[in-house]
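Here is the structure we will look at, set down as structure tokens.
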Amino acid sequence: MTINRRSLLKLASVVPIVAAAPRLAWTADEKADYTLRIGTGLVELAPEHIVSTTLYNDQFPGPLVRFKQGQRVVVDVHNDTDTPELVHWHGQTIPSEVDGAAEEGSPYVPAHGMSRIAFVSGPSGFRFYHTHVVAGADLHRSTYSGQAGPVYIEPKDNPGAYDREVFLVLKEFNPSFSRGGDMASDALVGNPIASLQQIGKLADENAKDKTKGYEVSYELFSINGRMLGQGDPIRVKEGERVLFHILNASATEIRSLALPGHVFRVIALDGNPVPTPANVPVLWFGTAERISAIVEMKHPGVWVMGDLADDDRGHGMGIVVEYAGKTGEPQWVKPEPFRWNYAQFGKPSVALATPDETIQMTIVKHNAAEHGFNRWTLNGQAFSMETMTPMFTLHHGKRYRLKFRNASDDIHPLHLHRHSFELTNTAGSPTSGVIKDVVMLGGYQEVEIDFVADNPGDTLLHCHQQLHMDFGFMALFKYA
Ligand SMILES: [Cu+2]
């Protein structure tokens, strides 16, 4: 290989910058790469449905933030509200101080104040940012608000087998409390495990309150801040390959999405390329999950890309896809039932490293145990925001297997901060190669994930369902 000036420059630009970048340092005269302003604003979901909520930069979703993998970035966050805020950089492997979780020691952005943060962005792919404060019983706070926006971190090499990218953010508005929820029970493959049902039954019998705790339901549903039929359709041409980056920015809901007459070729989950891209008729997303999928446009018409739940789609959870030259009412065709199986996207033959340690966690729901809200325990412990007692000590460089056993009927979108994990067992089958930062755990099922403790600093693990995380379903890991 001859080394010319160009390849030298190329080498120089890749090697030293990341390693040399200080973690938090920034200079006062430096210009921020991005500025986020947290404040109250209006979202016009439809002319007759304008909601007031807390937003980033007065828009929903928040602005698309584009970083380059390994790039040192400076972000200014202004908080124009009356309460302290936190911006969590979901899915990035960054220090605890800038991750945006109080439990990990990230400082709050003060009310009517500002914070400047700097970090080296990565890993590449589709990530997002959102508020990480506690909502508790306040449905104006935290992820019930409009504080969410997409992040795309450009990989060093982009295969680019698509014509264009479309970012979609799924989000409900106008939440209220109700007794009993409507959790999608037909989302995931796998069967309930009898021993877990038994633990759940026992917890129900031992509960003082025999009624279920509060759940959250929503009045209005949207994609990119517009109800179905409002705003511009996605305009496509026959033969085009559209790469969708889709985020479920719900506070509490599992979502589905289908586009009649088309299939989604799933190429990445939570921003990480999957070992086995596969065609599926329906996408399922836990709260905070992202899917990147290519759709080949080969069925001309005007279509509704929407949620399978008629009620949610009827109240706005969808977007119109319109082929060039086609007109008329957008068509919806209900797809055949399709259960989501993460292992479908895994390596064809399972190849797993042996973990240094396995941590088992049994999840139990205690009906209405906390002022009418369900309380959640992990191995008998509900996380305390007062004491912030850590659950476990990690040793740098070791590989850990987390085995979650769900003794409740709810689906839990489990999220690990500051690390990506590998799915190693789902719905009773071993798998490997699927790298994520959120995974859905089905009712009375088990899931196993492996991660390497390679990013020292306090690390939060929690259910991303806001009602669950606020009422006990969190654990803090410390590094030794
Ligand atoms: Cu949960």
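Identifiers for the structure tokens are assigned positionally: chains receive A, B, ... in sequence, residues are indexed from 1 per chain, and ligands are indexed from 1 in the order shown.
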With a cut-off of 8 Å, could you pull out the residues of chain A touching ligand 1 and give me the nearest pair of atoms for each, distance in Å to one decimal, using only C-alpha atoms and all ligand atoms, ordered by chain and ascending number, as a Markdown table?
```
| residue | atom | partner | partner_atom_place_in_ligand_line | distance |
| --- | --- | --- | --- | --- |
| A:Asp410 | CA | ligand 1 | 1 (Cu) | 6.8 |
| A:Ile411 | CA | ligand 1 | 1 (Cu) | 6.3 |
| A:His412 | CA | ligand 1 | 1 (Cu) | 3.7 |
| A:Pro413 | CA | ligand 1 | 1 (Cu) | 6.0 |
| A:Leu414 | CA | ligand 1 | 1 (Cu) | 7.0 |
| A:His462 | CA | ligand 1 | 1 (Cu) | 7.9 |
| A:Cys463 | CA | ligand 1 | 1 (Cu) | 4.5 |
| A:His464 | CA | ligand 1 | 1 (Cu) | 6.4 |
| A:Gln465 | CA | ligand 1 | 1 (Cu) | 5.0 |
| A:Gln466 | CA | ligand 1 | 1 (Cu) | 7.8 |
| A:Leu467 | CA | ligand 1 | 1 (Cu) | 7.6 |
| A:His468 | CA | ligand 1 | 1 (Cu) | 4.8 |
| A:Met469 | CA | ligand 1 | 1 (Cu) | 6.9 |
| A:Phe473 | CA | ligand 1 | 1 (Cu) | 6.8 |
```
I need the chosen residues saved as a short mmCIF file (atom, residue, chain, number, x, y, z; two decimals), in the first residue's frame, with all heavy atoms.
```
data_model
loop_
_atom_site.label_atom_id
_atom_site.label_comp_id
_atom_site.auth_asym_id
_atom_site.auth_seq_id
_atom_site.Cartn_x
_atom_site.Cartn_y
_atom_site.Cartn_z
N ASP A 410 -47.51 -7.69 33.17
CA ASP A 410 -47.13 -6.55 32.33
C ASP A 410 -45.89 -6.86 31.50
O ASP A 410 -45.03 -7.62 31.91
CB ASP A 410 -46.78 -5.34 33.21
CG ASP A 410 -47.91 -4.90 34.09
OD1 ASP A 410 -48.39 -5.72 34.90
OD2 ASP A 410 -48.31 -3.73 34.00
N ILE A 411 -45.80 -6.18 30.34
CA ILE A 411 -44.56 -6.19 29.58
C ILE A 411 -43.66 -5.09 30.13
O ILE A 411 -44.11 -3.97 30.36
CB ILE A 411 -44.84 -5.92 28.08
CG1 ILE A 411 -45.66 -7.07 27.48
CG2 ILE A 411 -43.54 -5.73 27.31
CD1 ILE A 411 -46.08 -6.83 26.04
N HIS A 412 -42.39 -5.42 30.39
CA HIS A 412 -41.45 -4.41 30.89
C HIS A 412 -40.36 -4.12 29.87
O HIS A 412 -39.58 -5.01 29.53
CB HIS A 412 -40.81 -4.89 32.19
CG HIS A 412 -41.80 -5.16 33.27
ND1 HIS A 412 -42.52 -4.15 33.87
CD2 HIS A 412 -42.22 -6.31 33.83
CE1 HIS A 412 -43.34 -4.69 34.77
NE2 HIS A 412 -43.19 -5.99 34.77
N PRO A 413 -40.29 -2.87 29.39
CA PRO A 413 -39.16 -2.48 28.54
C PRO A 413 -37.95 -2.13 29.42
O PRO A 413 -37.86 -1.03 29.96
CB PRO A 413 -39.69 -1.26 27.79
CG PRO A 413 -40.80 -0.72 28.63
CD PRO A 413 -41.30 -1.81 29.53
N LEU A 414 -37.03 -3.09 29.58
CA LEU A 414 -35.90 -2.93 30.50
C LEU A 414 -34.78 -2.13 29.84
O LEU A 414 -34.40 -2.42 28.71
CB LEU A 414 -35.39 -4.31 30.90
CG LEU A 414 -36.43 -5.26 31.48
CD1 LEU A 414 -35.87 -6.68 31.56
CD2 LEU A 414 -36.87 -4.78 32.86
N HIS A 462 -33.34 0.23 34.70
CA HIS A 462 -34.74 0.44 35.10
C HIS A 462 -35.70 0.02 34.03
O HIS A 462 -35.33 -0.13 32.86
CB HIS A 462 -34.99 1.91 35.49
CG HIS A 462 -34.82 2.90 34.38
ND1 HIS A 462 -35.84 3.24 33.53
CD2 HIS A 462 -33.75 3.63 33.97
CE1 HIS A 462 -35.41 4.14 32.66
NE2 HIS A 462 -34.13 4.39 32.89
N CYS A 463 -36.93 -0.15 34.43
CA CYS A 463 -38.01 -0.33 33.48
C CYS A 463 -38.29 1.04 32.88
O CYS A 463 -38.37 2.02 33.61
CB CYS A 463 -39.25 -0.88 34.15
SG CYS A 463 -40.59 -1.11 32.96
N HIS A 464 -38.45 1.13 31.56
CA HIS A 464 -38.66 2.44 30.93
C HIS A 464 -40.13 2.86 30.96
O HIS A 464 -40.48 3.94 30.50
CB HIS A 464 -38.14 2.43 29.49
CG HIS A 464 -37.47 3.70 29.10
ND1 HIS A 464 -38.17 4.87 28.83
CD2 HIS A 464 -36.17 4.03 28.99
CE1 HIS A 464 -37.31 5.83 28.53
NE2 HIS A 464 -36.09 5.35 28.62
N GLN A 465 -41.00 2.01 31.50
CA GLN A 465 -42.39 2.39 31.70
C GLN A 465 -42.38 3.37 32.87
O GLN A 465 -42.00 3.00 33.98
CB GLN A 465 -43.18 1.12 32.02
CG GLN A 465 -44.59 1.07 31.50
CD GLN A 465 -45.59 1.77 32.40
OE1 GLN A 465 -45.24 2.66 33.17
NE2 GLN A 465 -46.83 1.39 32.27
N GLN A 466 -42.77 4.62 32.60
CA GLN A 466 -42.60 5.68 33.60
C GLN A 466 -43.26 5.34 34.94
O GLN A 466 -42.69 5.58 36.00
CB GLN A 466 -43.16 7.00 33.08
CG GLN A 466 -42.87 8.21 33.96
CD GLN A 466 -41.44 8.71 33.85
OE1 GLN A 466 -40.91 8.86 32.76
NE2 GLN A 466 -40.80 8.95 34.99
N LEU A 467 -44.43 4.74 34.90
CA LEU A 467 -45.14 4.37 36.14
C LEU A 467 -44.39 3.29 36.92
O LEU A 467 -44.52 3.20 38.13
CB LEU A 467 -46.52 3.80 35.80
CG LEU A 467 -47.72 4.69 35.76
CD1 LEU A 467 -48.94 3.86 35.43
CD2 LEU A 467 -47.92 5.43 37.09
N HIS A 468 -43.69 2.45 36.20
CA HIS A 468 -42.95 1.38 36.88
C HIS A 468 -41.67 1.93 37.49
O HIS A 468 -41.34 1.66 38.64
CB HIS A 468 -42.65 0.23 35.91
CG HIS A 468 -43.88 -0.40 35.32
ND1 HIS A 468 -43.83 -1.46 34.45
CD2 HIS A 468 -45.20 -0.11 35.48
CE1 HIS A 468 -45.06 -1.81 34.09
NE2 HIS A 468 -45.90 -1.00 34.70
N MET A 469 -40.93 2.73 36.72
CA MET A 469 -39.65 3.23 37.24
C MET A 469 -39.86 4.19 38.41
O MET A 469 -39.06 4.23 39.34
CB MET A 469 -38.80 3.87 36.14
CG MET A 469 -39.31 5.17 35.58
SD MET A 469 -38.24 5.81 34.22
CE MET A 469 -36.87 6.49 35.15
N PHE A 473 -39.20 0.32 40.27
CA PHE A 473 -38.54 -0.56 39.30
C PHE A 473 -37.26 0.08 38.76
O PHE A 473 -37.18 0.46 37.59
CB PHE A 473 -39.51 -0.89 38.17
CG PHE A 473 -39.17 -2.12 37.37
CD1 PHE A 473 -40.19 -2.85 36.76
CD2 PHE A 473 -37.87 -2.57 37.21
CE1 PHE A 473 -39.91 -3.99 36.01
CE2 PHE A 473 -37.57 -3.70 36.48
CZ PHE A 473 -38.59 -4.41 35.87
#
```
List as a Markdown table every residue of stretch 313-400 of chain A that is in contact with stretch 40-61 of chain A, defined as an atom at most 12 Å from one of its atoms (using only C-alpha atoms), together with the nearest atom pair and the distance in Å rounded to one decimal, sorted by chain and then rising number.
```
| residue | atom | partner | partner_atom | distance |
| --- | --- | --- | --- | --- |
| A:His315 | CA | A:Leu45 | CA | 10.6 |
| A:Gly316 | CA | A:Leu45 | CA | 8.6 |
| A:Met317 | CA | A:Leu45 | CA | 10.8 |
| A:Gly318 | CA | A:Leu45 | CA | 11.9 |
```
Just the residues within 10 Å of stretch 351-357 of chain A, please, counting only C-alpha atoms, with nothing from its chain fewer than 5 positions along; format it as a ChimeraX atom specification.
-> /A:394-395,397-402,422-424,430-433,450-452
Among stretch 65-260 of chain A, which residues carry a DSSP assignment of helix (DSSP H, G or I), reported as a PDB file with all heavy atoms, in the first residue's frame?
```pdb
ATOM      1  N   SER A  96     -21.155   9.159  33.628  1.00  0.00           N
ATOM      2  CA  SER A  96     -22.337   9.358  34.477  1.00  0.00           C
ATOM      3  C   SER A  96     -22.677  10.842  34.652  1.00  0.00           C
ATOM      4  O   SER A  96     -23.846  11.212  34.714  1.00  0.00           O
ATOM      5  CB  SER A  96     -22.089   8.765  35.871  1.00  0.00           C
ATOM      6  OG  SER A  96     -21.652   7.448  35.776  1.00  0.00           O
ATOM      7  N   GLU A  97     -21.641  11.681  34.715  1.00  0.00           N
ATOM      8  CA  GLU A  97     -21.849  13.108  34.987  1.00  0.00           C
ATOM      9  C   GLU A  97     -22.679  13.782  33.891  1.00  0.00           C
ATOM     10  O   GLU A  97     -23.332  14.791  34.143  1.00  0.00           O
ATOM     11  CB  GLU A  97     -20.505  13.850  35.085  1.00  0.00           C
ATOM     12  CG  GLU A  97     -19.608  13.381  36.196  1.00  0.00           C
ATOM     13  CD  GLU A  97     -18.663  12.259  35.766  1.00  0.00           C
ATOM     14  OE1 GLU A  97     -19.109  11.334  35.035  1.00  0.00           O
ATOM     15  OE2 GLU A  97     -17.497  12.293  36.168  1.00  0.00           O
ATOM     16  N   VAL A  98     -22.614  13.263  32.679  1.00  0.00           N
ATOM     17  CA  VAL A  98     -23.333  13.903  31.573  1.00  0.00           C
ATOM     18  C   VAL A  98     -24.465  13.027  31.020  1.00  0.00           C
ATOM     19  O   VAL A  98     -25.158  13.409  30.077  1.00  0.00           O
ATOM     20  CB  VAL A  98     -22.370  14.274  30.406  1.00  0.00           C
ATOM     21  CG1 VAL A  98     -21.452  15.412  30.818  1.00  0.00           C
ATOM     22  CG2 VAL A  98     -21.557  13.071  29.949  1.00  0.00           C
ATOM     23  N   ASP A  99     -24.660  11.855  31.630  1.00  0.00           N
ATOM     24  CA  ASP A  99     -25.667  10.919  31.113  1.00  0.00           C
ATOM     25  C   ASP A  99     -27.086  11.454  31.324  1.00  0.00           C
ATOM     26  O   ASP A  99     -27.998  11.121  30.573  1.00  0.00           O
ATOM     27  CB  ASP A  99     -25.490   9.563  31.809  1.00  0.00           C
ATOM     28  CG  ASP A  99     -26.341   8.472  31.179  1.00  0.00           C
ATOM     29  OD1 ASP A  99     -26.336   8.375  29.941  1.00  0.00           O
ATOM     30  OD2 ASP A  99     -26.994   7.719  31.927  1.00  0.00           O
ATOM     31  N   ALA A 102     -30.146  11.590  37.664  1.00  0.00           N
ATOM     32  CA  ALA A 102     -29.771  12.050  39.006  1.00  0.00           C
ATOM     33  C   ALA A 102     -29.252  10.893  39.854  1.00  0.00           C
ATOM     34  O   ALA A 102     -28.343  11.064  40.667  1.00  0.00           O
ATOM     35  CB  ALA A 102     -30.964  12.697  39.693  1.00  0.00           C
ATOM     36  N   GLU A 103     -29.802   9.702  39.627  1.00  0.00           N
ATOM     37  CA  GLU A 103     -29.401   8.528  40.415  1.00  0.00           C
ATOM     38  C   GLU A 103     -27.940   8.183  40.169  1.00  0.00           C
ATOM     39  O   GLU A 103     -27.297   7.552  41.001  1.00  0.00           O
ATOM     40  CB  GLU A 103     -30.288   7.329  40.048  1.00  0.00           C
ATOM     41  CG  GLU A 103     -31.782   7.522  40.339  1.00  0.00           C
ATOM     42  CD  GLU A 103     -32.521   8.290  39.243  1.00  0.00           C
ATOM     43  OE1 GLU A 103     -31.870   8.738  38.271  1.00  0.00           O
ATOM     44  OE2 GLU A 103     -33.749   8.463  39.377  1.00  0.00           O
ATOM     45  N   GLU A 104     -27.425   8.575  39.008  1.00  0.00           N
ATOM     46  CA  GLU A 104     -26.018   8.313  38.665  1.00  0.00           C
ATOM     47  C   GLU A 104     -25.120   9.488  39.047  1.00  0.00           C
ATOM     48  O   GLU A 104     -23.918   9.443  38.808  1.00  0.00           O
ATOM     49  CB  GLU A 104     -25.883   8.078  37.155  1.00  0.00           C
ATOM     50  CG  GLU A 104     -26.613   6.846  36.653  1.00  0.00           C
ATOM     51  CD  GLU A 104     -26.569   6.733  35.123  1.00  0.00           C
ATOM     52  OE1 GLU A 104     -26.277   7.740  34.448  1.00  0.00           O
ATOM     53  OE2 GLU A 104     -26.826   5.627  34.623  1.00  0.00           O
ATOM     54  N   SER A 142     -41.872  14.844  33.326  1.00  0.00           N
ATOM     55  CA  SER A 142     -41.055  13.771  32.753  1.00  0.00           C
ATOM     56  C   SER A 142     -41.519  13.338  31.362  1.00  0.00           C
ATOM     57  O   SER A 142     -41.914  14.176  30.563  1.00  0.00           O
ATOM     58  CB  SER A 142     -40.987  12.585  33.730  1.00  0.00           C
ATOM     59  OG  SER A 142     -39.872  11.768  33.389  1.00  0.00           O
ATOM     60  N   THR A 143     -41.500  12.019  31.095  1.00  0.00           N
ATOM     61  CA  THR A 143     -41.762  11.573  29.718  1.00  0.00           C
ATOM     62  C   THR A 143     -43.238  11.664  29.323  1.00  0.00           C
ATOM     63  O   THR A 143     -43.585  11.384  28.183  1.00  0.00           O
ATOM     64  CB  THR A 143     -41.261  10.129  29.481  1.00  0.00           C
ATOM     65  OG1 THR A 143     -41.906   9.248  30.388  1.00  0.00           O
ATOM     66  CG2 THR A 143     -39.752  10.036  29.670  1.00  0.00           C
ATOM     67  N   TYR A 144     -44.111  12.072  30.266  1.00  0.00           N
ATOM     68  CA  TYR A 144     -45.491  12.378  29.866  1.00  0.00           C
ATOM     69  C   TYR A 144     -45.534  13.685  29.073  1.00  0.00           C
ATOM     70  O   TYR A 144     -46.509  13.973  28.392  1.00  0.00           O
ATOM     71  CB  TYR A 144     -46.409  12.496  31.088  1.00  0.00           C
ATOM     72  CG  TYR A 144     -46.472  11.232  31.927  1.00  0.00           C
ATOM     73  CD1 TYR A 144     -45.991  11.215  33.228  1.00  0.00           C
ATOM     74  CD2 TYR A 144     -47.005  10.056  31.397  1.00  0.00           C
ATOM     75  CE1 TYR A 144     -46.037  10.058  33.992  1.00  0.00           C
ATOM     76  CE2 TYR A 144     -47.046   8.899  32.145  1.00  0.00           C
ATOM     77  CZ  TYR A 144     -46.559   8.909  33.451  1.00  0.00           C
ATOM     78  OH  TYR A 144     -46.600   7.761  34.189  1.00  0.00           O
ATOM     79  N   ALA A 194     -45.198 -21.125  34.492  1.00  0.00           N
ATOM     80  CA  ALA A 194     -46.124 -21.407  35.601  1.00  0.00           C
ATOM     81  C   ALA A 194     -45.574 -20.946  36.951  1.00  0.00           C
ATOM     82  O   ALA A 194     -46.307 -20.374  37.763  1.00  0.00           O
ATOM     83  CB  ALA A 194     -46.450 -22.900  35.631  1.00  0.00           C
ATOM     84  N   SER A 195     -44.283 -21.149  37.196  1.00  0.00           N
ATOM     85  CA  SER A 195     -43.717 -20.783  38.511  1.00  0.00           C
ATOM     86  C   SER A 195     -43.774 -19.265  38.717  1.00  0.00           C
ATOM     87  O   SER A 195     -43.932 -18.786  39.843  1.00  0.00           O
ATOM     88  CB  SER A 195     -42.281 -21.289  38.632  1.00  0.00           C
ATOM     89  OG  SER A 195     -41.481 -20.712  37.623  1.00  0.00           O
ATOM     90  N   LEU A 196     -43.671 -18.501  37.635  1.00  0.00           N
ATOM     91  CA  LEU A 196     -43.757 -17.042  37.759  1.00  0.00           C
ATOM     92  C   LEU A 196     -45.202 -16.606  37.991  1.00  0.00           C
ATOM     93  O   LEU A 196     -45.467 -15.685  38.771  1.00  0.00           O
ATOM     94  CB  LEU A 196     -43.175 -16.366  36.515  1.00  0.00           C
ATOM     95  CG  LEU A 196     -41.648 -16.511  36.362  1.00  0.00           C
ATOM     96  CD1 LEU A 196     -41.173 -16.000  35.005  1.00  0.00           C
ATOM     97  CD2 LEU A 196     -40.906 -15.791  37.487  1.00  0.00           C
ATOM     98  N   GLN A 197     -46.126 -17.298  37.316  1.00  0.00           N
ATOM     99  CA  GLN A 197     -47.552 -17.010  37.552  1.00  0.00           C
ATOM    100  C   GLN A 197     -47.902 -17.260  39.018  1.00  0.00           C
ATOM    101  O   GLN A 197     -48.691 -16.535  39.624  1.00  0.00           O
ATOM    102  CB  GLN A 197     -48.423 -17.873  36.637  1.00  0.00           C
ATOM    103  CG  GLN A 197     -48.406 -17.413  35.196  1.00  0.00           C
ATOM    104  CD  GLN A 197     -49.176 -18.342  34.269  1.00  0.00           C
ATOM    105  OE1 GLN A 197     -48.982 -19.553  34.314  1.00  0.00           O
ATOM    106  NE2 GLN A 197     -50.013 -17.784  33.422  1.00  0.00           N
ATOM    107  N   GLN A 198     -47.293 -18.305  39.586  1.00  0.00           N
ATOM    108  CA  GLN A 198     -47.539 -18.668  40.981  1.00  0.00           C
ATOM    109  C   GLN A 198     -47.068 -17.551  41.925  1.00  0.00           C
ATOM    110  O   GLN A 198     -47.776 -17.166  42.855  1.00  0.00           O
ATOM    111  CB  GLN A 198     -46.804 -19.989  41.293  1.00  0.00           C
ATOM    112  CG  GLN A 198     -47.346 -20.734  42.483  1.00  0.00           C
ATOM    113  CD  GLN A 198     -48.861 -20.950  42.412  1.00  0.00           C
ATOM    114  OE1 GLN A 198     -49.414 -21.263  41.364  1.00  0.00           O
ATOM    115  NE2 GLN A 198     -49.529 -20.750  43.539  1.00  0.00           N
ATOM    116  N   ILE A 199     -45.873 -17.020  41.654  1.00  0.00           N
ATOM    117  CA  ILE A 199     -45.341 -15.919  42.484  1.00  0.00           C
ATOM    118  C   ILE A 199     -46.262 -14.699  42.365  1.00  0.00           C
ATOM    119  O   ILE A 199     -46.579 -14.029  43.352  1.00  0.00           O
ATOM    120  CB  ILE A 199     -43.908 -15.544  42.049  1.00  0.00           C
ATOM    121  CG1 ILE A 199     -42.951 -16.732  42.242  1.00  0.00           C
ATOM    122  CG2 ILE A 199     -43.396 -14.335  42.845  1.00  0.00           C
ATOM    123  CD1 ILE A 199     -41.565 -16.517  41.634  1.00  0.00           C
ATOM    124  N   GLY A 200     -46.726 -14.432  41.140  1.00  0.00           N
ATOM    125  CA  GLY A 200     -47.627 -13.303  40.920  1.00  0.00           C
ATOM    126  C   GLY A 200     -48.942 -13.461  41.653  1.00  0.00           C
ATOM    127  O   GLY A 200     -49.452 -12.516  42.252  1.00  0.00           O
ATOM    128  N   LYS A 201     -49.459 -14.682  41.642  1.00  0.00           N
ATOM    129  CA  LYS A 201     -50.729 -14.971  42.297  1.00  0.00           C
ATOM    130  C   LYS A 201     -50.607 -14.750  43.807  1.00  0.00           C
ATOM    131  O   LYS A 201     -51.479 -14.163  44.442  1.00  0.00           O
ATOM    132  CB  LYS A 201     -51.115 -16.424  41.991  1.00  0.00           C
ATOM    133  CG  LYS A 201     -52.530 -16.791  42.323  1.00  0.00           C
ATOM    134  CD  LYS A 201     -52.925 -18.109  41.623  1.00  0.00           C
ATOM    135  CE  LYS A 201     -54.148 -18.695  42.266  1.00  0.00           C
ATOM    136  NZ  LYS A 201     -53.844 -19.743  43.252  1.00  0.00           N
ATOM    137  N   LEU A 202     -49.495 -15.215  44.347  1.00  0.00           N
ATOM    138  CA  LEU A 202     -49.230 -15.070  45.775  1.00  0.00           C
ATOM    139  C   LEU A 202     -49.165 -13.589  46.166  1.00  0.00           C
ATOM    140  O   LEU A 202     -49.730 -13.167  47.183  1.00  0.00           O
ATOM    141  CB  LEU A 202     -47.902 -15.765  46.104  1.00  0.00           C
ATOM    142  CG  LEU A 202     -47.759 -16.351  47.498  1.00  0.00           C
ATOM    143  CD1 LEU A 202     -48.761 -17.493  47.698  1.00  0.00           C
ATOM    144  CD2 LEU A 202     -46.327 -16.865  47.709  1.00  0.00           C
ATOM    145  N   ALA A 203     -48.485 -12.791  45.334  1.00  0.00           N
ATOM    146  CA  ALA A 203     -48.369 -11.347  45.608  1.00  0.00           C
ATOM    147  C   ALA A 203     -49.754 -10.700  45.583  1.00  0.00           C
ATOM    148  O   ALA A 203     -50.059  -9.841  46.414  1.00  0.00           O
ATOM    149  CB  ALA A 203     -47.445 -10.691  44.585  1.00  0.00           C
ATOM    150  N   ASP A 204     -50.599 -11.124  44.636  1.00  0.00           N
ATOM    151  CA  ASP A 204     -51.969 -10.594  44.564  1.00  0.00           C
ATOM    152  C   ASP A 204     -52.749 -10.930  45.836  1.00  0.00           C
ATOM    153  O   ASP A 204     -53.473 -10.102  46.374  1.00  0.00           O
ATOM    154  CB  ASP A 204     -52.715 -11.187  43.354  1.00  0.00           C
ATOM    155  CG  ASP A 204     -52.306 -10.528  42.043  1.00  0.00           C
ATOM    156  OD1 ASP A 204     -51.521  -9.558  42.097  1.00  0.00           O
ATOM    157  OD2 ASP A 204     -52.757 -10.989  40.979  1.00  0.00           O
ATOM    158  N   GLU A 205     -52.593 -12.168  46.300  1.00  0.00           N
ATOM    159  CA  GLU A 205     -53.317 -12.601  47.499  1.00  0.00           C
ATOM    160  C   GLU A 205     -52.841 -11.855  48.743  1.00  0.00           C
ATOM    161  O   GLU A 205     -53.621 -11.557  49.643  1.00  0.00           O
ATOM    162  CB  GLU A 205     -53.150 -14.120  47.694  1.00  0.00           C
ATOM    163  CG  GLU A 205     -53.994 -14.937  46.718  1.00  0.00           C
ATOM    164  CD  GLU A 205     -53.563 -16.394  46.612  1.00  0.00           C
ATOM    165  OE1 GLU A 205     -52.696 -16.833  47.407  1.00  0.00           O
ATOM    166  OE2 GLU A 205     -54.077 -17.082  45.712  1.00  0.00           O
ATOM    167  N   ASN A 206     -51.537 -11.541  48.770  1.00  0.00           N
ATOM    168  CA  ASN A 206     -50.982 -10.862  49.934  1.00  0.00           C
ATOM    169  C   ASN A 206     -51.228  -9.360  49.937  1.00  0.00           C
ATOM    170  O   ASN A 206     -51.036  -8.690  50.953  1.00  0.00           O
ATOM    171  CB  ASN A 206     -49.475 -11.106  50.027  1.00  0.00           C
ATOM    172  CG  ASN A 206     -49.172 -12.554  50.416  1.00  0.00           C
ATOM    173  OD1 ASN A 206     -50.017 -13.219  51.012  1.00  0.00           O
ATOM    174  ND2 ASN A 206     -47.999 -13.026  50.070  1.00  0.00           N
TER     175      ASN A 206
END
```
Quick one: residues within 9 Å of A:Tyr108, only C-alpha atoms counted, chain neighbours fewer than 3 positions away excluded, as a compact mmCIF listing (two decimals) with N, CA and C atoms, in the first residue's frame?
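Listed below is the output, around07.txt:
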```txt
# COMPACT_ATOMS: atom_id res chain seq x y z
N PRO A 84 -36.23 21.97 38.18
CA PRO A 84 -34.96 21.43 37.65
C PRO A 84 -35.24 20.31 36.64
N GLU A 85 -34.38 20.20 35.66
CA GLU A 85 -34.58 19.20 34.60
C GLU A 85 -33.30 18.38 34.38
N LEU A 86 -33.47 17.29 33.67
CA LEU A 86 -32.36 16.42 33.29
C LEU A 86 -32.55 16.01 31.84
N VAL A 87 -31.51 16.09 31.04
CA VAL A 87 -31.57 15.57 29.67
C VAL A 87 -30.73 14.30 29.63
N GLY A 100 -27.27 12.27 32.36
CA GLY A 100 -28.58 12.87 32.58
C GLY A 100 -29.49 12.04 33.45
N ALA A 101 -28.93 11.41 34.49
CA ALA A 101 -29.75 10.66 35.45
C ALA A 101 -29.26 11.03 36.86
N ALA A 102 -30.15 11.59 37.66
CA ALA A 102 -29.77 12.05 39.01
C ALA A 102 -29.25 10.89 39.85
N ALA A 111 -33.70 25.26 37.43
CA ALA A 111 -34.85 26.03 36.93
C ALA A 111 -34.35 27.41 36.54
N SER A 115 -26.99 24.58 31.66
CA SER A 115 -25.83 23.72 31.85
C SER A 115 -25.15 23.55 30.51
```
